[in-house]
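A.B. asks: Dropping in entry-v7.cif, which is mmCIF, C-alpha atoms:
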```cif
data_my_file
loop_
_atom_site.label_atom_id
_atom_site.label_comp_id
_atom_site.auth_asym_id
_atom_site.auth_seq_id
_atom_site.Cartn_x
_atom_site.Cartn_y
_atom_site.Cartn_z
CA MET R 1 -13.83 -25.34 4.37
CA PRO R 2 -11.44 -23.33 2.10
CA ASN R 3 -14.37 -21.86 0.17
CA ASP R 4 -16.21 -21.02 3.41
CA LEU R 5 -13.06 -19.43 4.82
CA LYS R 6 -12.49 -17.46 1.63
CA GLU R 7 -16.04 -16.09 1.82
CA LYS R 8 -15.53 -15.01 5.43
CA LEU R 9 -12.31 -13.25 4.48
CA ARG R 10 -14.03 -11.49 1.59
CA ILE R 11 -16.82 -10.31 3.89
CA LEU R 12 -14.24 -8.90 6.30
CA LEU R 13 -12.44 -7.25 3.38
CA SER R 14 -15.68 -5.62 2.22
CA GLU R 15 -16.43 -4.44 5.76
CA GLY R 16 -12.94 -3.01 6.11
CA GLN R 17 -13.22 -1.02 2.89
CA LEU R 18 -16.13 0.92 4.40
CA PHE R 19 -13.92 2.42 7.12
CA ASN R 20 -12.14 5.70 6.54
CA TYR R 21 -10.51 8.45 8.55
CA SER R 22 -13.88 10.04 9.24
CA ASN R 23 -15.72 7.03 10.67
CA PHE R 24 -13.18 4.73 12.37
CA SER R 25 -13.24 6.88 15.50
CA ASP R 26 -16.17 8.21 17.53
CA THR R 27 -14.28 10.92 19.37
CA LYS R 28 -11.91 13.70 18.40
CA GLY R 29 -9.21 15.30 20.51
CA ILE R 30 -6.54 17.93 20.03
CA TYR R 31 -6.27 19.35 16.49
CA ASP R 32 -9.42 17.35 15.71
CA TYR R 33 -7.36 14.15 15.58
CA PRO R 34 -9.07 10.81 16.47
CA GLU R 35 -8.96 10.00 20.17
CA SER R 36 -10.44 6.48 20.35
CA TYR R 37 -11.56 3.66 18.06
CA SER R 38 -15.26 3.17 17.36
CA LEU R 39 -16.83 -0.06 18.62
CA LYS R 40 -17.44 -1.17 15.02
CA TYR R 41 -13.80 -0.68 14.10
CA ILE R 42 -12.63 -2.55 17.22
CA SER R 43 -15.00 -5.42 16.40
CA TRP R 44 -13.77 -5.58 12.80
CA LYS R 45 -10.08 -5.55 13.75
CA THR R 46 -10.64 -8.20 16.43
CA ARG R 47 -12.34 -10.53 13.97
CA VAL R 48 -9.63 -9.97 11.35
CA LYS R 49 -6.83 -10.69 13.82
CA SER R 50 -8.60 -13.78 15.14
CA ILE R 51 -9.33 -15.42 11.78
CA LEU R 52 -5.88 -14.68 10.35
CA GLY R 53 -4.16 -16.02 13.47
CA SER R 54 -6.25 -19.18 13.74
CA GLU R 55 -6.19 -20.08 10.04
CA PHE R 56 -2.69 -19.05 8.98
CA GLY R 57 -0.72 -18.97 12.24
CA ARG R 58 0.35 -15.91 14.20
CA ASP R 59 3.93 -16.23 12.90
CA SER R 60 2.87 -16.40 9.24
CA PRO R 61 3.85 -13.57 6.84
CA ILE R 62 0.15 -12.70 6.53
CA CYS R 63 -0.22 -12.12 10.29
CA GLN R 64 3.12 -10.32 10.43
CA ASN R 65 1.85 -7.92 7.78
CA TYR R 66 -1.27 -7.35 9.88
CA GLN R 67 0.95 -6.63 12.91
CA GLU R 68 2.84 -3.99 10.93
CA GLY R 69 -0.41 -2.03 10.87
CA GLU R 70 -0.85 -2.44 14.63
CA HIS R 71 2.56 -0.86 15.21
CA ILE R 72 1.52 2.40 13.55
CA ARG R 73 0.27 5.11 15.90
CA VAL R 74 -3.11 6.07 14.47
CA LEU R 75 -4.87 7.72 17.42
CA GLY R 76 -3.84 11.33 17.82
CA ASN R 77 -2.39 11.33 14.33
CA ASP R 78 -3.34 12.56 10.86
CA GLN R 79 -5.05 10.78 7.98
CA GLY R 80 -1.81 9.54 6.45
CA ALA R 81 -1.13 7.32 9.48
CA PHE R 82 -4.61 5.81 9.32
CA ASN R 83 -4.32 5.17 5.57
CA VAL R 84 -1.03 3.32 5.94
CA ALA R 85 -2.15 1.23 8.94
CA HIS R 86 -5.51 0.42 7.35
CA GLY R 87 -3.68 -0.49 4.13
CA TYR R 88 -1.72 -3.12 6.09
CA PHE R 89 -4.95 -4.65 7.46
CA LEU R 90 -6.66 -4.75 4.06
CA GLY R 91 -3.49 -6.03 2.42
CA ALA R 92 -3.22 -8.90 4.92
CA LEU R 93 -6.83 -9.89 4.24
CA GLN R 94 -6.33 -9.71 0.47
CA SER R 95 -3.16 -11.82 0.78
CA ALA R 96 -5.13 -14.45 2.69
CA VAL R 97 -7.77 -14.53 -0.05
CA ASP R 98 -5.06 -14.79 -2.71
CA VAL R 99 -3.40 -17.70 -0.93
CA LEU R 100 -6.67 -19.65 -0.87
CA GLU R 101 -7.59 -18.73 -4.44
CA PHE R 102 -4.32 -19.03 -6.33
CA THR R 103 -1.91 -21.27 -4.40
CA PRO R 104 -2.03 -23.98 -1.72
CA PRO R 105 -1.25 -22.37 1.68
CA LYS R 106 1.92 -24.47 2.17
CA LYS R 107 3.43 -23.06 -1.00
CA GLU R 108 2.64 -19.39 -0.47
CA ASN R 109 6.26 -18.35 0.20
CA LYS R 110 8.09 -20.44 -2.40
CA LYS R 111 7.86 -18.24 -5.49
CA ILE R 112 5.64 -15.85 -7.34
CA THR R 113 3.41 -17.20 -10.08
CA ALA R 114 4.28 -16.90 -13.76
CA THR R 115 1.66 -14.17 -14.23
CA LYS R 116 2.83 -12.13 -11.26
CA SER R 117 6.50 -12.49 -12.24
CA SER R 118 6.02 -10.35 -15.34
CA LYS R 119 3.88 -7.58 -13.81
CA ILE R 120 4.93 -4.59 -11.73
CA PHE R 121 2.31 -2.23 -10.32
CA VAL R 122 3.16 1.49 -10.49
CA VAL R 123 1.51 3.66 -7.82
CA HIS R 124 1.67 7.30 -8.83
CA GLY R 125 0.37 10.80 -8.15
CA HIS R 126 0.26 13.77 -10.49
CA ASP R 127 3.83 13.64 -11.82
CA ASP R 128 3.04 12.30 -15.30
CA LEU R 129 6.63 12.73 -16.52
CA LEU R 130 8.08 10.49 -13.80
CA LYS R 131 5.25 8.00 -14.26
CA GLY R 132 6.03 7.74 -17.98
CA GLN R 133 9.75 7.32 -17.31
CA VAL R 134 9.15 4.48 -14.85
CA GLU R 135 6.69 2.83 -17.22
CA SER R 136 9.31 2.92 -19.99
CA LEU R 137 11.98 1.50 -17.67
CA ILE R 138 9.81 -1.46 -16.74
CA LYS R 139 9.13 -2.19 -20.41
CA ASP R 140 12.86 -1.95 -21.12
CA PHE R 141 13.39 -4.62 -18.46
CA GLY R 142 11.11 -6.92 -20.47
CA LEU R 143 8.39 -6.73 -17.81
CA GLU R 144 4.81 -5.46 -17.83
CA PRO R 145 3.94 -2.21 -16.00
CA VAL R 146 0.47 -2.04 -14.46
CA ILE R 147 -0.88 1.52 -14.33
CA LEU R 148 -4.43 1.51 -13.06
CA HIS R 149 -5.96 4.26 -15.20
CA ARG R 150 -4.71 2.52 -18.36
CA GLU R 151 -6.68 -0.64 -17.52
CA ALA R 152 -10.30 -1.16 -18.64
CA ASP R 153 -12.95 -0.26 -16.04
CA GLU R 154 -15.24 -3.20 -16.95
CA GLY R 155 -18.02 -1.66 -14.83
CA ARG R 156 -15.98 -1.96 -11.63
CA THR R 157 -15.65 0.59 -8.85
CA ILE R 158 -12.17 2.04 -8.33
CA ILE R 159 -11.40 -0.26 -5.38
CA GLU R 160 -12.67 -3.32 -7.29
CA LYS R 161 -10.52 -2.38 -10.27
CA PHE R 162 -7.54 -1.84 -7.96
CA GLU R 163 -8.01 -5.22 -6.29
CA LYS R 164 -8.19 -7.01 -9.65
CA HIS R 165 -4.98 -5.51 -11.00
CA SER R 166 -3.01 -5.62 -7.74
CA ASP R 167 -2.28 -9.32 -8.27
CA VAL R 168 1.42 -8.65 -8.86
CA GLY R 169 4.72 -9.69 -7.29
CA PHE R 170 6.31 -6.25 -7.04
CA ALA R 171 5.20 -2.62 -6.73
CA ILE R 172 6.97 0.66 -7.39
CA ILE R 173 5.63 3.64 -5.44
CA LEU R 174 6.19 7.18 -6.71
CA LEU R 175 6.17 9.71 -3.89
CA THR R 176 6.02 13.16 -5.47
CA PRO R 177 5.19 16.58 -3.92
CA ASP R 178 1.65 16.90 -5.29
CA ASP R 179 -0.19 18.38 -2.27
CA ILE R 180 0.61 20.92 0.44
CA GLY R 181 -0.53 20.46 4.05
CA TYR R 182 -0.12 22.20 7.40
CA PRO R 183 -1.57 21.85 10.95
CA THR R 184 -5.08 23.22 11.43
CA THR R 185 -3.72 25.31 14.32
CA GLU R 186 -1.94 27.46 11.74
CA GLU R 187 -5.01 28.17 9.65
CA SER R 188 -5.17 31.76 10.89
CA LYS R 189 -1.54 32.49 10.00
CA VAL R 190 -0.59 34.24 6.82
CA ASP R 191 0.50 31.90 4.08
CA LYS R 192 4.25 32.53 4.35
CA ASP R 193 4.27 31.74 8.11
CA LYS R 194 2.55 28.35 7.89
CA SER R 195 4.61 25.19 8.51
CA LYS R 196 3.91 23.63 5.16
CA GLU R 197 4.71 20.09 4.07
CA PHE R 198 4.83 18.83 0.51
CA ARG R 199 2.91 15.55 0.45
CA SER R 200 1.96 12.78 -1.91
CA ARG R 201 -1.65 12.21 -2.90
CA GLN R 202 -3.73 10.32 -0.31
CA ASN R 203 -4.43 7.46 -2.71
CA VAL R 204 -0.66 6.97 -3.12
CA ILE R 205 -0.13 6.60 0.64
CA PHE R 206 -3.08 4.20 0.90
CA GLU R 207 -1.82 2.00 -1.95
CA PHE R 208 1.72 2.18 -0.53
CA GLY R 209 0.52 0.65 2.74
CA TYR R 210 -1.68 -1.83 0.90
CA PHE R 211 1.19 -3.26 -1.12
CA VAL R 212 3.58 -3.38 1.84
CA GLY R 213 0.91 -5.35 3.72
CA LYS R 214 0.12 -7.62 0.78
CA LEU R 215 3.56 -8.26 -0.72
CA GLY R 216 5.95 -7.56 2.14
CA ARG R 217 8.45 -4.73 2.37
CA ASN R 218 11.08 -6.45 0.22
CA ARG R 219 8.71 -6.43 -2.76
CA VAL R 220 7.97 -2.71 -2.61
CA CYS R 221 10.34 -0.05 -3.96
CA CYS R 222 9.66 3.61 -3.26
CA LEU R 223 11.01 6.31 -5.56
CA TYR R 224 10.75 9.82 -4.16
CA LYS R 225 11.52 13.37 -5.20
CA GLU R 226 13.20 16.03 -3.10
CA ASN R 227 11.07 17.94 -0.56
CA VAL R 228 8.28 15.36 -0.38
CA THR R 229 7.40 14.19 3.15
CA LEU R 230 8.20 10.49 3.61
CA PRO R 231 6.02 8.19 5.77
CA THR R 232 7.69 7.72 9.15
CA ASP R 233 6.12 4.35 9.95
CA LEU R 234 7.36 2.33 6.97
CA GLY R 235 10.87 1.37 7.99
CA GLY R 236 12.50 -1.43 6.00
CA VAL R 237 11.03 -0.32 2.67
CA VAL R 238 13.62 0.49 0.00
CA TYR R 239 13.61 4.24 -0.75
CA LYS R 240 15.43 5.62 -3.78
CA LYS R 241 15.76 9.36 -4.44
CA ILE R 242 15.07 10.75 -7.91
CA ARG R 243 17.04 13.92 -8.63
CA LYS R 244 16.23 14.41 -12.31
CA GLU R 245 14.85 11.27 -13.97
CA ALA R 246 13.99 7.63 -13.29
CA SER R 247 16.94 6.20 -15.24
CA GLU R 248 19.18 7.21 -12.30
CA VAL R 249 17.81 4.30 -10.25
CA ALA R 250 17.49 1.73 -13.05
CA LEU R 251 20.48 -0.36 -11.91
CA PRO R 252 19.46 -0.60 -8.23
CA ILE R 253 15.93 -1.61 -9.27
CA ILE R 254 17.32 -4.30 -11.60
CA LYS R 255 19.39 -5.67 -8.72
CA ASP R 256 16.34 -5.77 -6.44
CA LEU R 257 14.24 -7.55 -9.07
CA LYS R 258 16.94 -10.11 -9.89
CA ALA R 259 17.36 -10.87 -6.19
CA LEU R 260 13.66 -11.75 -6.13
CA GLY R 261 13.97 -14.08 -9.13
CA TYR R 262 12.77 -11.80 -11.92
CA GLN R 263 14.10 -12.40 -15.41
CA ILE R 264 15.38 -9.09 -16.77
CA ASN R 265 15.78 -8.80 -20.55
CA LEU R 266 18.22 -6.05 -21.49
#
```
Would it be possible to restate this file's structure as structure tokens?

C.D. replies:
Amino acid sequence: MPNDLKEKLRILLSEGQLFNYSNFSDTKGIYDYPESYSLKYISWKTRVKSILGSEFGRDSPICQNYQEGEHIRVLGNDQGAFNVAHGYFLGALQSAVDVLEFTPPKKENKKITATKSSKIFVVHGHDDLLKGQVESLIKDFGLEPVILHREADEGRTIIEKFEKHSDVGFAIILLTPDDIGYPTTEESKVDKDKSKEFRSRQNVIFEFGYFVGKLGRNRVCCLYKENVTLPTDLGGVVYKKIRKEASEVALPIIKDLKALGYQINL
């Protein structure tokens, strides 16, 4: 049964990865925002919720992570909201697969594995200087930073490579002002009159939601720079502001890691 269940979860995970902001809804409303879910997306979410609830219990951390995605208002909203909510759903499915593959279900909340306890995933955008500073900090702690583009491709697609290396116990998210966005209703305005927002890259927001769904909010730390727009639907995540460099938040990060049982070597 565990192997059969794991295969079902993997099929649902593969199905879920095919959905994006362009195809999860059949109808568009004001500002071209999605107005209703497509029948395929409803079917997929229903099956995910059912199998997670029946196999792991509706009060389990896995189902609670799924519910975090349900609480996010996706319809009538922009792509960032969909990415975060969908990241919760995919993260819950991946967590379920991990539980079956790596640890007995009854022991899933006791402690992180030896491999996970030394690895910290760094989600980043285009700020290479901050990325390098955080990478150095993690090494100074005696831990192993995981930065996706530094890992071997091994013939995998990007999502397959991401899934392989996301088997960690903690993630640090770098929200930096890499992109500029504004409502489509202001397209005709001159540049200086547009209500611009400085935003992180879309892959950063997706991976942010993924790790919150997979690890839980207490195992995700978000470092952000001034002026960047912060996700409004991720309450409970630890946010730390970077004014000049990453070393400013070294001590708070050490405290967070030690509270989770990490061995810090300084």

A.B. asks: Counting only C-alpha atoms, which residues of stretch 208-254 of chain R fall within 10 Å of stretch 52-67 of chain R, and what is the closest atom pair for each with its distance in Å at one decimal, ordered by chain and rising number, as a tab-separated table?

C.D. replies:
```
residue	atom	partner	partner_atom	distance
R:Tyr210	CA	R:Asn65	CA	9.8
R:Val212	CA	R:Asn65	CA	7.7
R:Gly213	CA	R:Asn65	CA	4.9
R:Lys214	CA	R:Asn65	CA	7.2
R:Leu215	CA	R:Asn65	CA	8.7
R:Gly216	CA	R:Asn65	CA	7.0
R:Arg217	CA	R:Asn65	CA	9.1
```

A.B. asks: Of the residues R:Gly76, R:Arg199, R:Glu144, R:His149, which is the one nearest to R:Thr27, using only C-alpha atoms?

C.D. replies: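 Using only C-alpha atoms, the shortest distance to R:Thr27 belongs to R:Gly76.
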
A.B. asks: When you draw a straight line from atom CA of R:Asn20 to atom CA of R:Pro34, how long is it in Å?

C.D. replies: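 Result for atom CA of R:Asn20 versus atom CA of R:Pro34: 11.6 Å, one decimal.
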
A.B. asks: Rank R:Leu12, R:Val249, R:Ala96, R:Ile254 by their smallest atom-to-atom distance to R:Leu143, using all atoms listed in the file, and report the top residue only.

C.D. replies: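 Of the candidates, the smallest distance to R:Leu143 is held by R:Ile254.
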
A.B. asks: So which residues get picked by the PyMOL selection byres ((chain R and resi 151) around 12) here, written as JSON, numbers by chain?

C.D. replies: {"R": [121, 145, 146, 147, 148, 149, 150, 152, 153, 154, 155, 156, 158, 161, 162, 164, 165, 166]}

A.B. asks: Which of these, R:Ala246, R:Ala171, R:Leu9, R:Leu39, has the shortest distance to R:Lys131 once you count only C-alpha atoms?

C.D. replies: R:Ala246

A.B. asks: Expand the PyMOL selection byres ((chain R and resi 91) around 7) into the individual residues it matches in the shown file, reporting them as a ChimeraX atom specification.

C.D. replies: /R:87-90,92-95,210-211,213-214

A.B. asks: Just to confirm, what's the straight-line distance from atom CA of R:Asp140 to atom CA of R:Ser247 in Å (one decimal)?

C.D. replies: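 Value for the atom CA of R:Asp140-atom CA of R:Ser247 distance: 10.8 Å.
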
A.B. asks: Which residue out of R:Tyr182, R:Tyr262, R:Tyr37, R:Trp44 has the minimum interatomic distance to R:Thr229 when all atoms listed in the file are used?

C.D. replies: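 Smallest distance to R:Thr229 is found for R:Tyr182.
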
A.B. asks: Tell me, in Å to one decimal, how far atom CA of R:Val97 is from atom CA of R:Glu160.

C.D. replies: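 Answer for the atom CA of R:Val97 to atom CA of R:Glu160 separation: 14.2 Å.
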
A.B. asks: Can you list, as a compact mmCIF listing (two decimals) with C-alpha atoms, in the coordinates of the input, the residues that the PyMOL selection byres ((chain R and resi 25) around 12) selects here?

C.D. replies:
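This went into expr_9.txt:
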```
# COMPACT_ATOMS: atom_id res chain seq x y z
CA PHE R 19 -13.92 2.42 7.12
CA ASN R 20 -12.14 5.70 6.54
CA TYR R 21 -10.51 8.45 8.55
CA SER R 22 -13.88 10.04 9.24
CA ASN R 23 -15.72 7.03 10.67
CA PHE R 24 -13.18 4.73 12.37
CA ASP R 26 -16.17 8.21 17.53
CA THR R 27 -14.28 10.92 19.37
CA LYS R 28 -11.91 13.70 18.40
CA GLY R 29 -9.21 15.30 20.51
CA ASP R 32 -9.42 17.35 15.71
CA TYR R 33 -7.36 14.15 15.58
CA PRO R 34 -9.07 10.81 16.47
CA GLU R 35 -8.96 10.00 20.17
CA SER R 36 -10.44 6.48 20.35
CA TYR R 37 -11.56 3.66 18.06
CA SER R 38 -15.26 3.17 17.36
CA LEU R 39 -16.83 -0.06 18.62
CA LYS R 40 -17.44 -1.17 15.02
CA TYR R 41 -13.80 -0.68 14.10
CA ILE R 42 -12.63 -2.55 17.22
CA VAL R 74 -3.11 6.07 14.47
CA LEU R 75 -4.87 7.72 17.42
CA GLY R 76 -3.84 11.33 17.82
CA ASN R 77 -2.39 11.33 14.33
CA GLN R 79 -5.05 10.78 7.98
CA PHE R 82 -4.61 5.81 9.32
```

A.B. asks: Need the shell around stretch 185-198 of chain R: protein/DNA/RNA residues with any atom at most 10 Å away, counting only C-alpha atoms. Skip same-chain ones fewer than 2 positions apart. Format as an mmCIF file with C-alpha atoms, in the coordinates of the input?

C.D. replies:
```
data_model
loop_
_atom_site.group_PDB
_atom_site.id
_atom_site.type_symbol
_atom_site.label_atom_id
_atom_site.label_comp_id
_atom_site.auth_asym_id
_atom_site.auth_seq_id
_atom_site.Cartn_x
_atom_site.Cartn_y
_atom_site.Cartn_z
ATOM 1 C CA ILE R 30 -6.540 17.930 20.030
ATOM 2 C CA TYR R 31 -6.270 19.350 16.490
ATOM 3 C CA ASP R 32 -9.420 17.350 15.710
ATOM 4 C CA THR R 176 6.020 13.160 -5.470
ATOM 5 C CA PRO R 177 5.190 16.580 -3.920
ATOM 6 C CA ASP R 178 1.650 16.900 -5.290
ATOM 7 C CA ASP R 179 -0.190 18.380 -2.270
ATOM 8 C CA ILE R 180 0.610 20.920 0.440
ATOM 9 C CA GLY R 181 -0.530 20.460 4.050
ATOM 10 C CA TYR R 182 -0.120 22.200 7.400
ATOM 11 C CA PRO R 183 -1.570 21.850 10.950
ATOM 12 C CA SER R 200 1.960 12.780 -1.910
ATOM 13 C CA ARG R 201 -1.650 12.210 -2.900
ATOM 14 C CA GLU R 226 13.200 16.030 -3.100
ATOM 15 C CA ASN R 227 11.070 17.940 -0.560
ATOM 16 C CA VAL R 228 8.280 15.360 -0.380
ATOM 17 C CA THR R 229 7.400 14.190 3.150
ATOM 18 C CA LEU R 230 8.200 10.490 3.610
#
```

A.B. asks: Find the residue from R:Ile172, R:Leu13, R:Glu101, R:Phe206 that sits nearest to R:Ala85; use all atoms listed in the file when measuring.

C.D. replies: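 Using all atoms listed in the file, R:Ala85 sits closest to R:Phe206.
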
A.B. asks: I need the residue nearest R:Lys8 from this list: R:Ala81, R:Val220, R:Leu100, R:Val123. Use only C-alpha atoms for the distance.

C.D. replies: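 Ranked by minimum distance to R:Lys8, first place goes to R:Leu100.
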
A.B. asks: List as a list in words the protein and nucleic acid residues near R:Ile242, meaning an atom at most 7 Å away when only C-alpha atoms are counted, but skip any in the same chain fewer than 4 places from it.

C.D. replies: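 The residues satisfying every condition are Leu223, Tyr224, Lys225, Ala246 and Glu248 of chain R.
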
A.B. asks: Box for stretch 131-147 of chain R: with edges along x, y and z, all listed atoms inside and 8 Å added on each side, what are the centre and edge lengths in Å to one decimal, as lines of an AutoDock Vina configuration file?

C.D. replies:
```
center_x = 6.3
center_y = 0.5
center_z = -17.7
size_x = 30.3
size_y = 30.9
size_z = 22.9
```

A.B. asks: Find the residues with any atom within 9 Å of (11.5, -11.6, -13.7); use all atoms listed in the file and the coordinates as given in the file, and write the answer as a list in words.

C.D. replies: Ala114, Ser117, Ser118, Lys119, Phe141, Gly142, Leu143, Leu257, Lys258, Leu260, Gly261, Tyr262, Gln263, Ile264 and Asn265 of chain R
